[in-house]
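Report on one structure; see the data block that follows.
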Amino acid sequence: MTSKRRLVVGVTGATGAIYAVRMLQVLRDVADVETHLVVSPPGVLNIKYELQLTRQDIHALADKVYSFRDIGATLSSGGFATAGMVVVPCSMRTLAAVAHGFSDNLITRAADVTLKERRRLVMMVRETPLNLAHLRNMTAVTEMGGIIFPPLPAFYHHPKTLDDMVDHTVARVLELFDIEVPGPRWNGID
Ligand SMILES: Cc1cc2nc3c(=O)[nH]c(=O)nc-3n(C[C@H](O)[C@H](O)[C@H](O)COP(=O)(O)O)c2cc1C
C-alpha cells in the first residue's frame, strides 16, 4: 500500500490541453502525490494539435498510466483508494456522460466511482457559449457533489504571460485537493 495520495487525472478532448500538461508537471514536484492518468482519444488529438506533444510525452509526466478502454483497471473500483479526481480539461461530452452516470470508458467510470465513494471530483469544463444541456449537466454534477471549475483566467494577480494564467488556475484547482503548489495568492487590496 502506497503512503502517497493518489490523484486520478482524466484528460479529455476540450481545448486547453496546456492545463493538463502543466498540472502534471507541477504535481511531479509534490512528493506525497501520485498521479494516475487516463487520456481520451480526443484528448490525445488536442495535445498533439495544441501543444505539438505526443501521447508518450504526456504519459511520461504521470506516475501511472491507464488505457482509456481499460474498464477493468483499478480505477474502476471504489476499493482503490484515491484522494479524488480532476478532469482537465473536461469536454461537454464527458460532462454529459458523468452527469447521467454513463460509465462508458475509464474516465467516466473513474469519475462515477469518485462520486459514489463521496470523494472529490473537479471537472474543468470548457465550452463557450453554453447551451441548456451543458448548464443542466453542470448542475447535475454539482448536485451529486462534484465541483465544476471552468478554467477561466483571473487578472487580479497581474499575469504577464500565458503560463502565469495557466499556473494560477492549476494552483487554485490543486488547492481543492489540499495540494499546495507555488503560485500567486490573493492577499487583499492594500
Ligand atoms: C481542436 C478541438 C477542440 C475542441 N474543443 C472542445 C471544447 O472546448 N469543449 C468541448 O466540449 N468539446 C471540444 N471538442 C470536441 C470534443 O473533443 C468531442 O466532443 C469529443 O467527442 C470529446 O470526447 P471525450 O470527452 O471522450 O474526450 C474539441 C474538438 C477538437 C478537435
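Please note that chains go A, B, ... in the order of the C-alpha cells, that every chain numbers its residues from 1, and that ligands are numbered from 1 in the order shown.
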
Closest contacts (chain A/ligand 1, max 10 Å, only C-alpha atoms and all ligand atoms) as a tab-separated table:
residue	atom	partner	partner_atom_place_in_ligand_line	distance
A:Gly10	CA	ligand 1	27 (O)	9.2
A:Val11	CA	ligand 1	27 (O)	7.1
A:Thr12	CA	ligand 1	27 (O)	3.5
A:Gly13	CA	ligand 1	17 (O)	3.6
A:Ala14	CA	ligand 1	7 (C)	3.5
A:Thr15	CA	ligand 1	5 (N)	4.1
A:Gly16	CA	ligand 1	8 (O)	7.2
A:Ala17	CA	ligand 1	3 (C)	9.4
A:Val39	CA	ligand 1	27 (O)	7.7
A:Ser40	CA	ligand 1	27 (O)	4.9
A:Pro41	CA	ligand 1	27 (O)	6.3
A:Pro42	CA	ligand 1	27 (O)	4.6
A:Gly43	CA	ligand 1	27 (O)	5.2
A:Val44	CA	ligand 1	27 (O)	8.5
A:Leu45	CA	ligand 1	31 (C)	6.7
A:Asn46	CA	ligand 1	1 (C)	5.6
A:Ile47	CA	ligand 1	1 (C)	9.1
A:Lys48	CA	ligand 1	1 (C)	9.6
A:Tyr49	CA	ligand 1	1 (C)	6.9
A:Glu50	CA	ligand 1	1 (C)	7.5
A:Phe68	CA	ligand 1	26 (O)	8.8
A:Val87	CA	ligand 1	25 (O)	9.7
A:Pro89	CA	ligand 1	8 (O)	8.1
A:Cys90	CA	ligand 1	25 (O)	6.7
A:Ser91	CA	ligand 1	11 (O)	3.5
A:Met92	CA	ligand 1	11 (O)	3.7
A:Arg93	CA	ligand 1	25 (O)	4.6
A:Thr94	CA	ligand 1	25 (O)	4.1
A:Leu95	CA	ligand 1	25 (O)	7.5
A:Ala96	CA	ligand 1	25 (O)	8.8
A:Ala97	CA	ligand 1	25 (O)	8.4
A:Asp104	CA	ligand 1	26 (O)	9.4
A:Asn105	CA	ligand 1	26 (O)	8.1
A:Leu106	CA	ligand 1	26 (O)	9.9
A:Ile107	CA	ligand 1	26 (O)	8.1
A:Thr108	CA	ligand 1	26 (O)	8.6
A:Val125	CA	ligand 1	11 (O)	7.4
A:Arg126	CA	ligand 1	8 (O)	4.8
A:Glu127	CA	ligand 1	9 (N)	4.3
A:Thr128	CA	ligand 1	8 (O)	7.3
A:Pro129	CA	ligand 1	9 (N)	9.9
A:Leu130	CA	ligand 1	11 (O)	9.5
A:His134	CA	ligand 1	11 (O)	8.9

Just-selected residues, N, CA and C atoms written as a short mmCIF file (atom, residue, chain, number, x, y, z; two decimals), in the first residue's frame:
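As written to disk, out_35.cif reads:
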data_model
loop_
_atom_site.label_atom_id
_atom_site.label_comp_id
_atom_site.auth_asym_id
_atom_site.auth_seq_id
_atom_site.Cartn_x
_atom_site.Cartn_y
_atom_site.Cartn_z
N GLY A 10 -7.97 12.78 -15.40
CA GLY A 10 -8.58 12.43 -16.69
C GLY A 10 -8.40 13.60 -17.64
N VAL A 11 -7.94 13.31 -18.84
CA VAL A 11 -7.73 14.38 -19.84
C VAL A 11 -8.65 14.10 -21.02
N THR A 12 -9.52 15.03 -21.35
CA THR A 12 -10.47 14.81 -22.44
C THR A 12 -10.25 15.85 -23.55
N GLY A 13 -11.10 15.76 -24.58
CA GLY A 13 -10.85 16.48 -25.82
C GLY A 13 -11.35 17.91 -25.90
N ALA A 14 -11.50 18.60 -24.78
CA ALA A 14 -11.80 20.03 -24.84
C ALA A 14 -10.50 20.79 -25.11
N THR A 15 -10.63 21.98 -25.64
CA THR A 15 -9.43 22.80 -25.81
C THR A 15 -8.88 23.18 -24.43
N GLY A 16 -7.56 23.34 -24.36
CA GLY A 16 -6.94 23.64 -23.06
C GLY A 16 -6.06 22.51 -22.57
N ALA A 17 -5.47 21.77 -23.49
CA ALA A 17 -4.56 20.68 -23.11
C ALA A 17 -3.41 21.19 -22.24
N VAL A 39 -6.11 9.36 -20.61
CA VAL A 39 -6.32 10.37 -21.65
C VAL A 39 -7.27 9.78 -22.70
N SER A 40 -8.32 10.54 -23.05
CA SER A 40 -9.25 10.06 -24.10
C SER A 40 -8.60 10.26 -25.47
N PRO A 41 -9.06 9.53 -26.49
CA PRO A 41 -8.51 9.74 -27.84
C PRO A 41 -8.62 11.20 -28.30
N PRO A 42 -9.77 11.89 -28.12
CA PRO A 42 -9.78 13.31 -28.49
C PRO A 42 -8.82 14.14 -27.63
N GLY A 43 -8.58 13.70 -26.40
CA GLY A 43 -7.60 14.37 -25.56
C GLY A 43 -6.21 14.29 -26.17
N VAL A 44 -5.86 13.11 -26.67
CA VAL A 44 -4.55 12.93 -27.34
C VAL A 44 -4.48 13.82 -28.58
N LEU A 45 -5.59 13.86 -29.32
CA LEU A 45 -5.64 14.68 -30.54
C LEU A 45 -5.33 16.16 -30.20
N ASN A 46 -5.96 16.65 -29.15
CA ASN A 46 -5.76 18.06 -28.78
C ASN A 46 -4.36 18.33 -28.24
N ILE A 47 -3.81 17.35 -27.53
CA ILE A 47 -2.44 17.51 -27.03
C ILE A 47 -1.48 17.67 -28.22
N LYS A 48 -1.72 16.86 -29.25
CA LYS A 48 -0.88 16.95 -30.45
C LYS A 48 -1.10 18.27 -31.17
N TYR A 49 -2.36 18.62 -31.34
CA TYR A 49 -2.72 19.79 -32.15
C TYR A 49 -2.33 21.11 -31.45
N GLU A 50 -2.60 21.19 -30.14
CA GLU A 50 -2.38 22.47 -29.44
C GLU A 50 -0.96 22.63 -28.92
N PHE A 68 -7.64 4.24 -21.91
CA PHE A 68 -8.99 4.79 -21.89
C PHE A 68 -10.05 3.68 -21.94
N VAL A 87 -10.76 16.26 -13.89
CA VAL A 87 -10.86 16.09 -15.34
C VAL A 87 -10.42 17.41 -15.96
N PRO A 89 -8.53 19.16 -19.48
CA PRO A 89 -9.79 19.88 -19.47
C PRO A 89 -10.93 18.88 -19.63
N CYS A 90 -12.15 19.33 -19.36
CA CYS A 90 -13.31 18.43 -19.42
C CYS A 90 -14.24 18.85 -20.56
N SER A 91 -14.44 17.95 -21.50
CA SER A 91 -15.34 18.23 -22.63
C SER A 91 -16.81 18.15 -22.18
N MET A 92 -17.68 18.73 -22.98
CA MET A 92 -19.11 18.65 -22.70
C MET A 92 -19.61 17.21 -22.86
N ARG A 93 -18.92 16.43 -23.70
CA ARG A 93 -19.31 15.03 -23.84
C ARG A 93 -19.05 14.27 -22.54
N THR A 94 -17.86 14.43 -21.99
CA THR A 94 -17.55 13.73 -20.74
C THR A 94 -18.42 14.27 -19.60
N LEU A 95 -18.63 15.59 -19.58
CA LEU A 95 -19.53 16.17 -18.56
C LEU A 95 -20.90 15.49 -18.64
N ALA A 96 -21.45 15.38 -19.87
CA ALA A 96 -22.79 14.79 -20.04
C ALA A 96 -22.80 13.35 -19.56
N ALA A 97 -21.75 12.60 -19.91
CA ALA A 97 -21.68 11.19 -19.53
C ALA A 97 -21.67 11.06 -18.00
N ASP A 104 -18.97 4.84 -19.67
CA ASP A 104 -18.69 4.16 -20.94
C ASP A 104 -17.20 4.05 -21.27
N ASN A 105 -16.34 4.61 -20.44
CA ASN A 105 -14.89 4.47 -20.62
C ASN A 105 -14.24 4.65 -19.26
N LEU A 106 -12.91 4.53 -19.19
CA LEU A 106 -12.27 4.57 -17.86
C LEU A 106 -12.33 5.95 -17.21
N ILE A 107 -12.40 7.02 -18.02
CA ILE A 107 -12.50 8.36 -17.40
C ILE A 107 -13.88 8.54 -16.77
N THR A 108 -14.93 8.22 -17.52
CA THR A 108 -16.28 8.43 -16.98
C THR A 108 -16.56 7.43 -15.86
N VAL A 125 -14.51 22.09 -16.87
CA VAL A 125 -15.31 22.08 -18.09
C VAL A 125 -14.97 23.27 -18.98
N ARG A 126 -14.98 23.03 -20.30
CA ARG A 126 -14.60 24.11 -21.23
C ARG A 126 -15.49 24.06 -22.47
N GLU A 127 -16.31 25.04 -22.58
CA GLU A 127 -17.07 25.26 -23.81
C GLU A 127 -17.59 26.69 -23.77
N THR A 128 -17.81 27.27 -24.94
CA THR A 128 -18.40 28.59 -24.96
C THR A 128 -19.02 28.84 -26.32
N PRO A 129 -20.22 29.42 -26.42
CA PRO A 129 -21.14 29.64 -25.30
C PRO A 129 -21.73 28.31 -24.83
N LEU A 130 -22.50 28.39 -23.75
CA LEU A 130 -23.06 27.18 -23.14
C LEU A 130 -24.53 27.03 -23.51
N HIS A 134 -25.59 21.79 -21.44
CA HIS A 134 -24.33 21.98 -20.69
C HIS A 134 -24.62 22.47 -19.28
#

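Nearest residue to Arg172 (chain A), choosing from A:Trp186, A:Arg136, A:Arg118, A:Lys4 and counting only C-alpha atoms: A:Trp186.
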
- [ ] Considering only C-alpha atoms, state which residue in the set A:Leu53, A:Ala110, A:Ala99, A:Ile58 is at the smallest distance from Val8 (chain A).
- [x]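 Closest candidate: A:Ala110.
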
TODO: Please give the complete set of residues from region 20-148 of chain A that DSSP, run on the backbone, assigns to strand (DSSP E), formatted as a PyMOL selection string.
DONE: chain A and resi 33-39+64-66+84-90+120-125+147-148

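The nearest approach to Leu24 (chain A) among the residues A:Asp112, A:Asp190, A:Glu175, A:Asp63, with only C-alpha atoms taken into account, belongs to A:Asp63.
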
Task: Which of region 48-162 of chain A fall in helix (DSSP H, G or I), as a PyMOL selection string - done: chain A and resi 48-51+55-59+74-76+92-99+106-116+132-143+162

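Near His168 (chain A), within 8 Å and counting only C-alpha atoms, sit Pro153, Ala154, Asp164, Met165, Val166, Val170, Ala171, Arg172, Gly183 and Pro184 of chain A, not including residues fewer than 2 positions from it in the same chain.
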
Open item on the list: When you look at Ile147 (chain A) with a cut-off of 9 Å (counting only C-alpha atoms), what residues show up, excluding the ones that are within fewer than 3 positions of it in the same chain? I need them as a ChimeraX atom specification.
Closed with: /A:120-124,138,141-142
